[in-house]
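Written out below as structure tokens is the structure these notes cover.
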Amino acid sequence: MNIPIDFTWLEATALACVRITAFLVIAPPFSHGTVPMRIRAMLGAGLALAVSPVVTVGYERLDTGGFMLALAGQALTGALLGFLVMLLFSAIQGSGHLVDTFGGFQLAQAFDPGMAVNGAQFTRLFQMTAIVLLFASDGYQLVLGGLFRSFDAIPVDGMIDLAKPAEALVGATAQMMLSAVQIAGPLLIVLFLADVGLGLVTRVAPALNAFAMGFPIKIGLTLLLVGFVYAALPGVVAAIADDAARLLLGVTR
């Protein structure tokens with residue numbers, strides 16, 4: 001019995017699988033440590049089969065050397081796109097880190113192997129909430145949609161222009177830092193005013209130990225007001241998912 005095998009389709013699908021799997025390994029929410037690597041590989045293979053009708057159009061078989069170079073190029077392309085998405089979502093983790101630092105929780109930091117985050121309570125809480133919201137709100141579909149549309153601009157036997165990701169990396173870094181400050185900004189202003197008030201109290205009544213008073217006051221203010229920041233996270237995650245999809249389109253055009 002002869003089973004016909006379309007090697008052209010098989011090569012193109014394999015190259016697409018490499019790009020998608022490299023993206024899933026780095027980009028949230030699939031990069032979470034609780035998602036086994038074999039599950040990411042199986043998901044990458046399944047998604048590659050879904051996009052195979054697109055990637056096989058106009059594809060011509062390569063020799064062994066060319067195919068190996070194409071595999072490396074697709075791994076690099078997927079890794080760069082995934083890193084850009086991860087950088088955008090790091091704004092939520094950064095906002096939690098700012099809350100921990102200004103609120104007095106930074107001394108209780110610990111390493112979370114699941115999320116590969118070394119931070120205190122709100123750093124890990126914000127990061128975990130962002131991952132849950134990506135799955136609950138189908139925001140991950142926007143991210144995957146941006147990845148799938150990259151095949152229209154960069155074929156599986158092509159290579160991404162490294163100048164565009166480098167430029168996007170600079171912009172995404174600046175946007176990440178700005179977004180982190182904007183998310184935690186209102187609470188940071190309150191904590192800063194609390195520090196100013198404690199400084200004035202120390203000048204008026206030097207006998208009071210402002211350092212001993214500062215920790216419980218700032219922790220109490222953080223616990224009282226962090227709910228407002230936390231309530232804004234669903235809208236923030238939705239906006240970042242949209243930005244990630246647009247960024248992937250801009251890089252691959």
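Naming works like this for the structure tokens: A, B, ... for the chains as they're shown, residue 1 at the start of each chain, ligands 1 onward in shown order.
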Per residue of region 1-97 of chain A within 12 Å of region 178-192 of chain A, what are the shortest atom pair and its distance in Å to one decimal, counting only C-alpha atoms, with rows by chain and residue number, as CSV?
residue,atom,partner,partner_atom,distance
A:Leu87,CA,A:Ser179,CA,11.3
A:Leu88,CA,A:Ser179,CA,8.8
A:Phe89,CA,A:Ser179,CA,9.6
A:Ser90,CA,A:Ala180,CA,8.2
A:Ala91,CA,A:Ala180,CA,4.6
A:Ile92,CA,A:Ala180,CA,6.1
A:Gln93,CA,A:Ala180,CA,7.8
A:Gly94,CA,A:Ala180,CA,5.4
A:Ser95,CA,A:Ala180,CA,4.3
A:Gly96,CA,A:Ala184,CA,7.4
A:His97,CA,A:Ala180,CA,8.9
Those selected residues, please, written with C-alpha atoms and delivered as a PDB file, in the first residue's frame.
ATOM      1  CA  LEU A  87       7.639  43.075  26.946  1.00  0.00           C
ATOM      2  CA  LEU A  88       4.261  44.777  26.607  1.00  0.00           C
ATOM      3  CA  PHE A  89       2.641  42.615  29.275  1.00  0.00           C
ATOM      4  CA  SER A  90       5.577  43.249  31.603  1.00  0.00           C
ATOM      5  CA  ALA A  91       3.964  46.639  32.267  1.00  0.00           C
ATOM      6  CA  ILE A  92       1.463  44.934  34.592  1.00  0.00           C
ATOM      7  CA  GLN A  93       4.241  43.205  36.477  1.00  0.00           C
ATOM      8  CA  GLY A  94       6.124  46.508  36.661  1.00  0.00           C
ATOM      9  CA  SER A  95       3.119  48.293  38.123  1.00  0.00           C
ATOM     10  CA  GLY A  96       2.875  45.641  40.836  1.00  0.00           C
ATOM     11  CA  HIS A  97       6.578  46.066  41.553  1.00  0.00           C
TER      12      HIS A  97
END
message = Need to verify the contact set: Tyr59 (chain A), 10 Å, only C-alpha atoms, exclusion of same-chain residues closer than 6 positions in sequence. Can you return it as an MDAnalysis selection string?
response = chainID A and resid 8:9 11:12 155:157
Saved selection, atoms kept: C-alpha atoms, as a short mmCIF file (atom, residue, chain, number, x, y, z; two decimals), in the first residue's frame:
data_model
loop_
_atom_site.label_atom_id
_atom_site.label_comp_id
_atom_site.auth_asym_id
_atom_site.auth_seq_id
_atom_site.Cartn_x
_atom_site.Cartn_y
_atom_site.Cartn_z
CA THR A 8 6.00 20.49 0.04
CA TRP A 9 3.04 20.76 2.40
CA GLU A 11 7.98 21.27 4.91
CA ALA A 12 5.87 24.42 4.96
CA PRO A 155 6.46 33.58 4.39
CA VAL A 156 7.77 30.48 6.09
CA ASP A 157 10.84 30.44 3.86
#
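Comparing A:Ile217, A:Ala72, A:Ala172, A:Val99 by their smallest distance to Ala14 (chain A), the closest is A:Ala72 (using only C-alpha atoms).
Residues with any atom within 6 Å of Gln109 (chain A), counting only C-alpha atoms and excluding same-chain neighbours fewer than 2 positions away, are Gln106, Leu107, Gly119 and Ala120 of chain A.
Proximity of A:Leu10, A:Val226, A:Val201, A:Leu248 to Glu60 (chain A), computed with only C-alpha atoms, is greatest for A:Leu10.
Using only C-alpha atoms, the contacts of Ile219 (chain A) at a cut-off of 8 Å, with sequence neighbours closer than 4 positions omitted, comprise Gly103, Gly104, Phe105, Phe215 and Leu223 of chain A.
Of the residues under consideration (A:Leu49, A:Ala153, A:Cys17, A:Val237), A:Val237 shows the shortest atom-to-atom contact distance to Ser137 (chain A) when counting only C-alpha atoms.
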key: Distance criterion (only C-alpha atoms): nearest to Met37 (chain A) out of A:Met159, A:Ser52, A:Leu249, A:Thr21   = A:Thr21
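Shortest separation to Val54 (chain A) among A:Thr173, A:Thr13, A:Thr129, A:Thr222 occurs at residue A:Thr13, atoms counted being only C-alpha atoms.
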inquiry  = I'd like the neighbourhood of Leu47 (chain A) as JSON, numbers by chain, where a residue qualifies if any of its atoms comes within 8 Å (using only C-alpha atoms), though same-chain residues fewer than 3 positions away should be ignored.
reply    = {"A": [17, 20, 43, 44, 50, 51]}
request  = Have a look at A:Phe83, A:Phe228, A:Tyr140, A:Phe151 and name the one nearest to Leu169 (chain A); count only C-alpha atoms.
outcome  = A:Phe83
ask   = Could you write out, as a PyMOL selection string, all the residues of region 101-181 of chain A that DSSP marks as strand (DSSP E or B)?
value = chain A and resi 110-112+117-119
Once DSSP has gone over the backbone, tell me which residues of region 77-113 of chain A are in helix (DSSP H, G or I), as an mmCIF file with C-alpha atoms, in the first residue's frame.
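The result, written out as states.cif:
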data_model
loop_
_atom_site.group_PDB
_atom_site.id
_atom_site.type_symbol
_atom_site.label_atom_id
_atom_site.label_comp_id
_atom_site.auth_asym_id
_atom_site.auth_seq_id
_atom_site.Cartn_x
_atom_site.Cartn_y
_atom_site.Cartn_z
ATOM 1 C CA THR A 77 11.133 35.192 14.025
ATOM 2 C CA GLY A 78 8.810 33.502 16.502
ATOM 3 C CA ALA A 79 11.105 34.273 19.434
ATOM 4 C CA LEU A 80 11.351 37.971 18.504
ATOM 5 C CA LEU A 81 7.584 38.319 18.127
ATOM 6 C CA GLY A 82 6.998 36.522 21.413
ATOM 7 C CA PHE A 83 9.524 38.703 23.214
ATOM 8 C CA LEU A 84 7.797 41.869 22.011
ATOM 9 C CA VAL A 85 4.468 40.615 23.367
ATOM 10 C CA MET A 86 6.082 39.619 26.663
ATOM 11 C CA LEU A 87 7.639 43.075 26.946
ATOM 12 C CA LEU A 88 4.261 44.777 26.607
ATOM 13 C CA PHE A 89 2.641 42.615 29.275
ATOM 14 C CA SER A 90 5.577 43.249 31.603
ATOM 15 C CA ALA A 91 3.964 46.639 32.267
ATOM 16 C CA ILE A 92 1.463 44.934 34.592
ATOM 17 C CA GLN A 93 4.241 43.205 36.477
ATOM 18 C CA GLY A 94 6.124 46.508 36.661
ATOM 19 C CA SER A 95 3.119 48.293 38.123
ATOM 20 C CA GLY A 96 2.875 45.641 40.836
ATOM 21 C CA HIS A 97 6.578 46.066 41.553
ATOM 22 C CA LEU A 98 6.071 49.830 41.985
ATOM 23 C CA VAL A 99 3.199 49.224 44.400
ATOM 24 C CA ASP A 100 5.350 46.812 46.413
ATOM 25 C CA THR A 101 8.276 49.217 46.495
ATOM 26 C CA PHE A 102 6.368 52.325 47.523
ATOM 27 C CA GLY A 103 3.946 50.443 49.780
ATOM 28 C CA GLN A 106 9.322 44.771 48.823
ATOM 29 C CA LEU A 107 11.120 43.163 51.765
ATOM 30 C CA ALA A 108 8.807 40.128 51.519
#
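Separating CA of Ile39 (chain A) from CA of Thr64 (chain A) is a distance of 28.2 Å.
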